[in-house]
Amino acid sequence: MRWGVITFPGSCDDHDVFDSLKFELGQKVKLLWHKDELAGNFDCIVLPGGFSYGDYLRCGAMARFSPILRGVVKFAQSGGLVLGICNGFQILCEAGLLPGALVRNTDLRFVCRPVHLRIEETDTPFTSGLKRGQILKMPVKHGEGCYYADAGTLEQLRRNRQILLRYVDGKGKPTAPANPNGSVENIAGICNEARNVFGLMPHPEDACSKLLGSEDGAKIFTSIAAAWAQKAGAHV
Amino acid sequence: MSEARAEKLSVPAVTPELVASHGLTADEYQKIVKALGREPNYTELGVFSVMWSEHCSYKSSRYYLKNLPTEGPHVLQGPGENAGVVDIGGGLAVAFKIESHNHPSFIEPYQGAATGVGGILRDIFTMGARPIASLNSLRFGSIDHPRTRYLLAGVVAGIGGYGNCIGVPTVGGECYFDECYNANILVNAFTLGIVKKRQIFTGVAKGVGNPVIYVGSKTGRDGIHGATMASESFSEEKEQRRPTVQVGDPFTEKLLLEACLELMEKDYIIGIQDMGAAGLTSSSSEMAGRGGCGVELDLSAVPLRESGMTPYEILLSESQERMLLVAKQGSEDKIKSIFDKWDLDAVVVGRVTDDQQFRALWRGEEVANIPIRALTKEAPAYQRPATRPAQQDQLQQLDLSTVKEPKDLAAALKQLLSSPNLASKEWIYRQYDQYVRTNTVVGPGADAAVIRVKGTAKGLALTVDGNSRYCYLDPYVGGVIAVAEAARNLACVGARPVGLTDCLNFGSPENPEVMWQFAQVIQGMRDACTTLNVPVVSGNVSFYNETDGTPIYPTPTIGMVGLIEKVERMVTPWFKAAGDIVVLLGRTREELGGSEYLKWVHGLTRGTPPWIDLKTERAVQLACLEAIDQKLLTSAHDVSDGGLAVALAECCIGHPERPLGVRIETHEMIRGDASLFSESQSRIVVSLKEENIDRLKETAARHSVPVQIIGAVGGNRFTIQPLVQLPIEELRAIWSTALAAKLK
C-alpha cells in the first residue's frame with residue numbers, strides 16, 4: 001500500500017504522520033508538495049495537521065485552492081481513500097469533500113489534551129478493524145475544532161451513518177466535559193457518503209507508540225491498511 | 001536623487017540632548033568620538049546606542065558572567081553564540097538557550113510573549129538545529145492583582161499561538177505569582193534543537209567578497225529603539241508613534257525555519273545569524289566581529305515593508321522572522337531558488353570586506369563607517385558598585401516561636417494546594433501543543449519533561465527552575481538552589497545533566513543593592529555548577545525589571561538539559577501501584593524560612609532559605625540516578641515548594657487518570673508544620689516494590705544518603721500520621737481546579 005502525505009506551507013504534523021506510518025507501522029509513504037499536481041499511484045492520501053498558509057483566514061480556506069488539492073478532489077471522487085487530520089479535516093470541509101465546518105472552540109482557547117473516542121460505525125475502511133463502541137485514546141490539539149453542521153445535515157449524517165467518532169468519557173458516555181471543543185453531538189470524526197473520505201480532529205499519528213503513551217492511533221492506520229489489502233486481494 | 005537629498009537634510013544634528021535620549025552617557029559619547037576619530041552622525045549614533053545597550057553589550061554583567069564555568073568534555077559551543085551546543089553522542093548534538101521577553105510582554109502580553117518564542121526559536125535553528133521542544137518560565141504579580149488575569153491569559157495565548165503554529169511542542173515550564181512582579185512580569189522562553197555534529201552553523205562572517213544575504217520577512221518600522229524620538233524629529237507632520245513591541249508571524253517563521261534547514265543541507269553557508277535585538281546592525285557587526293573582518297551593507301537593497309524608511313530605521317528595525325547569512329560566492333542563485341520554493345525573500349544586501357569596518361551605504365552614499373571592534377569587543381564594560389542591602393539582616397530574621405502552628409494541619413495542606421504557585425498548571429499547558437513531532441514521552445506537570453531522540457534509544461530531560469523568594473532572602477543560597485534543584489529534577493526522571501542555560505532577571509544594575517544580588521546569585525550558581533559538574537553553555541541577562549525604583553526579586557531562571565541513555569528506563573513522579581513502599585532520600589529539618597507555607601498561610605516572606613550542602617546534594621542525586629539505572633524505582637519526585645506533604649500529595653494526585661492514596665508515618669522531632677511543609681533541600685520521595693528495598697538501601701549507603709521508609713501506597717485516602725487524613729478525591733479537586741477558578 002502506498003501512502004501520500006501532503007505538505008502545505010504551515011503543515012506541522014506532516015512529518016509526524018510520515019514517521020508514524022514509516023517507522024512505527026512499516027508502511028510505504030511519501031511526502032507530497034502543495035505546489036505540485038497529484039501524480040503517481042497512491043492508495044491513501046493524508047492531509048495532516050498544522051496551520052496551512054498560516055490559517056490567518058478561515059482554517060483550511062486557502063489550502064483548498066492549492067494546486068495539489070485539484071488532484072485530491074478527483075482522487076476522492078474516483079473512490080481513493082483520503083484521510084484528513086485536524087487541519088486536514090478543516091481543509092476537507094472547506095473543499096466540500098466533507099459536510100459541515102470546524103469553528104472556534106466554544107471556550108475560545110486552544111486545547112491540547114488526551115481524549116477518549118468511541119467508534120460509532122465500522123463499515124468504513126478507516127474503522128473496519130475496530131469494534132463498534134470500542135474506546136480509543138489519543139490527543140486533540142486545536143483552536144478551531146468545534147464541529148458544526150445544520151440540523152438537516154446532521155440528520156443526513158445520522159441517517160447515512162457517517163458519524164464515525166464521538167468524544168466520550170472513560171466509560172464511553174458522550175458527556176459535556178468529555179467534549180473538548182463544544183462540537184455538536186460530541187462529533188470528533190465523520191466520513192463522506194461514499195465512505196472513502198474521513199476527517200477527524202484527534203491525532204492518531206501522536207498515538208502510535210507505547211513509549212509516547214498510546215498505540216490506539218495506530219489502530220486507525222492499520223484498519224485502513226487491512227481494508228486496502230482485503231480489497232486489493234479481492235481484485236487480484 | 002532629490003528625494004534622497006531631502007531626507008538627508010532632515011537628519012537631526014547630534015546634540016547632547018540627542019545623545020542622552022539614546023541612553024548614552026557623556027563618557028560613552030566621548031568613547032565614541034575617540035573610536036571614530038570624529039563626531040558620529042545621526043545614523044552612527046543610533047548604531048552605537050543599540051550595540052552599547054545593556055541588552056546587546058552585557059556591559060554591567062560581563063564582569064561577573066565570566067566567573068561561570070562554561071567548559072566541559074561535551075560542550076561544542078559555549079556562551080557567545082546564538083545558542084550553546086552540547087554533544088549527546090552518536091554524531092548528534094543539542095542546541096539550547098533561554099531568553100527573556102519581559103518588557104514587551106508587560107506592554108502587549110500576546111505579541112510580547114509570541115515574539116519571545118519566535119526569537120528563541122530562531123536562535124536555535126540558526127545553529128543548524130531543528131527545534132524539537134520548548135519550555136517557558138513565567139512570573140506574574142499576585143493572582144488577585146487586577147492585571148494578572150489579563151496578562152497571564154495574553155502571555156499563555158501568545159506562547160501557544162506562536163509555538164503551536166510553528167509546530168514545536170511546549171513540553172514543560174513553570175509559573176509563579178508574587179506581588180514583586182505586579183508591575184514587571186517575567187516571560188522567559190527556552191527552546192532545544194537537535195543537530196548533526198558535523199552540521200553546526202555559527203554566526204561568523206569570513207571570506208572577503210562573499211555575499212551577505214538577507215532572508216525572511218521584509219523590514220518595517222516595528223521595534224525600532226528610540227522610535228518615538230526618531231519619528232518626532234524626522235517628519236513631524238505625518239509620522240505616528242509606533243509601538244515598540246514587534247508583531248509575530250509564526251507562519252512566516254515556519255517557512256523560514258524549513259527554508260533555512262533545507263539550505264543547511266547544502267554547502268553554501270559560511271555563517272548565519274538571527275536578526276533579533278538591534279536587527280541588521282547587531283547581526284552583521286557581530287558576525288564580522290567573530291570573523292575578524294569587515295562588512296559593507298547596501299541599505300537600499302533591504303526588502304522594506306513600507307516606503308520612506310531611513311537608513312537609521314532600517315539598521316535599527318527589529319522586525320521579526322529575518323535572518324542574515326554570509327554565503328559562498330557563486331551560490332547566490334541556488335540559495336534564492338530554495339527561498340523561492342518557500343515564497344520568501346533572499347536578497348544580497350552586502351559583502352564581506354577586509355577593512356574591519358562596519359559600513360552602510362544608502363543610495364550610493366555612505367551613512368555609517370565604524371570600526372567593528374568599537375561595536376563588539378571594545379564596547380563599554382563596567383564593574384558597577386555592589387552593596388549588601390541594609391535591610392538584608394532584618395529580612396533574614398525569623399523567630400518561629402512567633403509563627404503560630406495551625407491546629408488543623410489538614411486545612412493548612414488544603415490551603416497550600418490551592419496556592420496558585422502549587423496548584424496544577426493544567427489551565428496553562430492545555431493551551432500548548434505538547435505532542436507535535438511525536439517525541440514527547442513525559443509532558444508538562446512532571447519534575448522534568450522527557451523527549452525521545454528518534455533513531456536512538458536515548459532520551460532528553462528538560463527543566464526550567466528558579467525560586468526568587470530564596471534569592472531575595474539570600475541571593476547566594478538562592479543561586480545555589482536554583483542550579484541544584486534543576487539538576488535534582490533531572491535526576492528524578494533518570495537523566496544526567498549535560499549543560500545549562502540561564503536567564504538572569506534583575507532590577508537596575510545602577511542600583512548597588514541589585515548589583516550585589518546579581519554578584520551573589522552568580523557566585524552561588526558558579527559553586528553549584530562546579531560541584532554538580534554542569535557547564536553553562538548559553539544565557540541571557542535582563543536588567544531594569546523595576547518600577548518606581550522597586551526592583552523585582554532577583555530571579556535567575558535555570559534551564560537545564562539532561563541525557564537518559566535508555567529512555568524506556570525513565571521514571572515519572574506519580575505513584576504507580578498499591579503496596580509500593582514510599583521512601584524518603586535525604587533528611588527533613590526545621591526550615592520554614594522563605595517557604596511557600598510561610599508566605600501563603602502566614603503572609604510572611606522572611607527568614608533564611610533552607611541550607612544546602614552541595615556534596616550531600618550530589619550524593620542524593622547520584623543515589624537516585626543509580627537506583628533508576630538499576631530499575632529499582634517505580635516513581636521519584638523532588639521535594640521542593642510546599643515541602644514533603646505537598647510532594648506526597650503530588651505523587652498521589654498528579655497523574656490525571658490514576659489518583660492513588662498513601663499512608664505515611666513520620667517520626668520527625670520537629671514541629672508538625674515544619675515536618676510537613678519545611679523546604680529542606682536534597683530530598684527525593686521515591687516509591688518501589690518491597691523486594692527492591694535492600695538494593696535501594698545499598699545504593700544509598702554507598703553515597704552516604706539517609707534512607708527512611710515512610711509509608712506505603714494504596715487506598716483512597718491521604719494520610720500522614722498523626723497530622724493529616726483526607727480523601728484523595730478532595731485533595732485532587734482542590735489542586736486541579738484552584739488556578740482555573742481564579743482565572744474564570
# chains A, B, ... in the order shown; residues from 1 in each chain; ligands from 1
>>> interface_residues(of="chain A", to="chain B", cutoff="6 Å", atoms="only C-alpha atoms", output="list of chain:residue names")
A:Gly10, A:Cys12, A:Asp16, A:Phe51, A:Gly54, A:Phe110, A:Val111, A:Cys112, A:Lys141, A:Asp206, A:Leu212
>>> write_last_selection(atoms="C-alpha atoms", output="PDB file, in the first residue's frame")
ATOM      1  CA  GLY A  10       2.479  25.703   7.554  1.00  0.00           C
ATOM      2  CA  CYS A  12       3.216  20.851  11.256  1.00  0.00           C
ATOM      3  CA  ASP A  16       4.680  13.074  12.320  1.00  0.00           C
ATOM      4  CA  PHE A  51      -1.714  25.804  10.067  1.00  0.00           C
ATOM      5  CA  GLY A  54      -0.885  30.349   8.384  1.00  0.00           C
ATOM      6  CA  PHE A 110      -6.610  26.285  22.066  1.00  0.00           C
ATOM      7  CA  VAL A 111      -6.977  22.880  23.670  1.00  0.00           C
ATOM      8  CA  CYS A 112      -4.356  20.156  23.878  1.00  0.00           C
ATOM      9  CA  LYS A 141      -4.704  19.892  19.816  1.00  0.00           C
ATOM     10  CA  ASP A 206       0.532  11.021  18.024  1.00  0.00           C
ATOM     11  CA  LEU A 212       4.605   8.008  23.972  1.00  0.00           C
TER      12      LEU A 212
END
>>> residues_around(residues="range 207-216 of chain B", least_positions_apart="2", cutoff="7 Å", atoms="only C-alpha atoms", output="PyMOL selection string")
chain B and resi 218+256+321-329+344-354
>>> closest_residue(among="B:Leu416, B:Ile720, B:Trp735, B:His667", to="Lys599 in chain B", atoms="only C-alpha atoms")
B:Leu416
>>> residues_around(residues="range 178-195 of chain A", least_positions_apart="4", cutoff="9 Å", atoms="only C-alpha atoms", output="PyMOL selection string")
chain A and resi 77+79+81+89+97-99+102-113+115-117+123-126+140+142-149+157+160-170+173-174+199-202
>>> atom_distance(atom1="CA of Val537 in chain B", atom2="CA of Cys56 in chain B")
17.6 Å
>>> atom_distance(atom1="CA of Ala627 in chain B", atom2="CA of Leu696 in chain B")
6.3 Å
>>> decode(residues="range 68-146 of chain A", atoms="C-alpha atoms", output="PDB file, in the first residue's frame")
ATOM      1  CA  ILE A  68      -2.431  19.594  -5.294  1.00  0.00           C
ATOM      2  CA  LEU A  69      -5.992  19.786  -3.980  1.00  0.00           C
ATOM      3  CA  ARG A  70      -7.420  19.568  -7.503  1.00  0.00           C
ATOM      4  CA  GLY A  71      -5.916  16.124  -7.820  1.00  0.00           C
ATOM      5  CA  VAL A  72      -7.024  15.142  -4.305  1.00  0.00           C
ATOM      6  CA  VAL A  73     -10.637  16.013  -5.116  1.00  0.00           C
ATOM      7  CA  LYS A  74     -10.502  13.911  -8.284  1.00  0.00           C
ATOM      8  CA  PHE A  75      -8.811  11.101  -6.378  1.00  0.00           C
ATOM      9  CA  ALA A  76     -11.572  11.154  -3.775  1.00  0.00           C
ATOM     10  CA  GLN A  77     -14.313  11.300  -6.385  1.00  0.00           C
ATOM     11  CA  SER A  78     -12.905   8.219  -8.043  1.00  0.00           C
ATOM     12  CA  GLY A  79     -13.035   6.316  -4.760  1.00  0.00           C
ATOM     13  CA  GLY A  80      -9.482   6.850  -3.436  1.00  0.00           C
ATOM     14  CA  LEU A  81      -9.028   6.861   0.327  1.00  0.00           C
ATOM     15  CA  VAL A  82      -8.499  10.322   1.821  1.00  0.00           C
ATOM     16  CA  LEU A  83      -7.758  10.950   5.491  1.00  0.00           C
ATOM     17  CA  GLY A  84      -7.835  14.486   6.923  1.00  0.00           C
ATOM     18  CA  ILE A  85      -6.446  15.002  10.414  1.00  0.00           C
ATOM     19  CA  CYS A  86      -7.146  18.260  12.295  1.00  0.00           C
ATOM     20  CA  ASN A  87      -6.187  20.955   9.765  1.00  0.00           C
ATOM     21  CA  GLY A  88      -6.657  18.264   7.129  1.00  0.00           C
ATOM     22  CA  PHE A  89     -10.260  17.762   8.339  1.00  0.00           C
ATOM     23  CA  GLN A  90     -10.794  21.535   8.107  1.00  0.00           C
ATOM     24  CA  ILE A  91      -9.427  21.560   4.556  1.00  0.00           C
ATOM     25  CA  LEU A  92     -11.688  18.662   3.510  1.00  0.00           C
ATOM     26  CA  CYS A  93     -14.719  20.576   4.804  1.00  0.00           C
ATOM     27  CA  GLU A  94     -13.599  23.749   3.013  1.00  0.00           C
ATOM     28  CA  ALA A  95     -13.062  21.753  -0.167  1.00  0.00           C
ATOM     29  CA  GLY A  96     -16.570  20.332   0.033  1.00  0.00           C
ATOM     30  CA  LEU A  97     -15.395  16.736   0.356  1.00  0.00           C
ATOM     31  CA  LEU A  98     -16.987  16.533   3.805  1.00  0.00           C
ATOM     32  CA  PRO A  99     -20.120  18.285   5.071  1.00  0.00           C
ATOM     33  CA  GLY A 100     -20.217  20.814   7.908  1.00  0.00           C
ATOM     34  CA  ALA A 101     -17.483  23.051   9.301  1.00  0.00           C
ATOM     35  CA  LEU A 102     -14.967  23.333  12.118  1.00  0.00           C
ATOM     36  CA  VAL A 103     -15.341  26.557  14.084  1.00  0.00           C
ATOM     37  CA  ARG A 104     -13.654  28.164  17.085  1.00  0.00           C
ATOM     38  CA  ASN A 105     -13.665  26.063  20.266  1.00  0.00           C
ATOM     39  CA  THR A 106     -16.542  27.214  22.459  1.00  0.00           C
ATOM     40  CA  ASP A 107     -14.218  28.322  25.281  1.00  0.00           C
ATOM     41  CA  LEU A 108     -12.228  30.342  22.710  1.00  0.00           C
ATOM     42  CA  ARG A 109      -8.947  28.735  23.759  1.00  0.00           C
ATOM     43  CA  PHE A 110      -6.610  26.285  22.066  1.00  0.00           C
ATOM     44  CA  VAL A 111      -6.977  22.880  23.670  1.00  0.00           C
ATOM     45  CA  CYS A 112      -4.356  20.156  23.878  1.00  0.00           C
ATOM     46  CA  ARG A 113      -5.200  17.067  25.883  1.00  0.00           C
ATOM     47  CA  PRO A 114      -5.800  13.356  25.533  1.00  0.00           C
ATOM     48  CA  VAL A 115      -9.421  12.459  24.738  1.00  0.00           C
ATOM     49  CA  HIS A 116     -11.436   9.270  24.635  1.00  0.00           C
ATOM     50  CA  LEU A 117     -13.163   8.448  21.368  1.00  0.00           C
ATOM     51  CA  ARG A 118     -15.942   5.969  20.768  1.00  0.00           C
ATOM     52  CA  ILE A 119     -16.109   4.086  17.490  1.00  0.00           C
ATOM     53  CA  GLU A 120     -19.610   4.664  16.136  1.00  0.00           C
ATOM     54  CA  GLU A 121     -19.521   2.835  12.803  1.00  0.00           C
ATOM     55  CA  THR A 122     -17.292   0.098  11.493  1.00  0.00           C
ATOM     56  CA  ASP A 123     -18.355  -0.286   7.866  1.00  0.00           C
ATOM     57  CA  THR A 124     -15.667   2.045   6.549  1.00  0.00           C
ATOM     58  CA  PRO A 125     -12.067   1.288   5.628  1.00  0.00           C
ATOM     59  CA  PHE A 126     -10.972   3.619   8.430  1.00  0.00           C
ATOM     60  CA  THR A 127     -12.767   1.764  11.203  1.00  0.00           C
ATOM     61  CA  SER A 128     -13.387  -1.736   9.883  1.00  0.00           C
ATOM     62  CA  GLY A 129     -10.574  -3.109  12.033  1.00  0.00           C
ATOM     63  CA  LEU A 130     -12.269  -1.781  15.155  1.00  0.00           C
ATOM     64  CA  LYS A 131     -15.388  -2.669  17.087  1.00  0.00           C
ATOM     65  CA  ARG A 132     -18.470  -0.527  17.437  1.00  0.00           C
ATOM     66  CA  GLY A 133     -18.376   1.037  20.911  1.00  0.00           C
ATOM     67  CA  GLN A 134     -14.639   0.484  21.226  1.00  0.00           C
ATOM     68  CA  ILE A 135     -12.865   3.329  23.017  1.00  0.00           C
ATOM     69  CA  LEU A 136      -9.602   4.805  21.731  1.00  0.00           C
ATOM     70  CA  LYS A 137      -7.373   7.305  23.492  1.00  0.00           C
ATOM     71  CA  MET A 138      -5.344   9.918  21.651  1.00  0.00           C
ATOM     72  CA  PRO A 139      -4.695  13.671  21.874  1.00  0.00           C
ATOM     73  CA  VAL A 140      -6.536  16.602  20.375  1.00  0.00           C
ATOM     74  CA  LYS A 141      -4.704  19.892  19.816  1.00  0.00           C
ATOM     75  CA  HIS A 142      -6.556  22.666  18.078  1.00  0.00           C
ATOM     76  CA  GLY A 143      -8.146  26.094  18.429  1.00  0.00           C
ATOM     77  CA  GLU A 144     -10.899  25.544  15.895  1.00  0.00           C
ATOM     78  CA  GLY A 145     -12.143  22.016  16.271  1.00  0.00           C
ATOM     79  CA  CYS A 146     -15.767  22.604  17.172  1.00  0.00           C
TER      80      CYS A 146
END
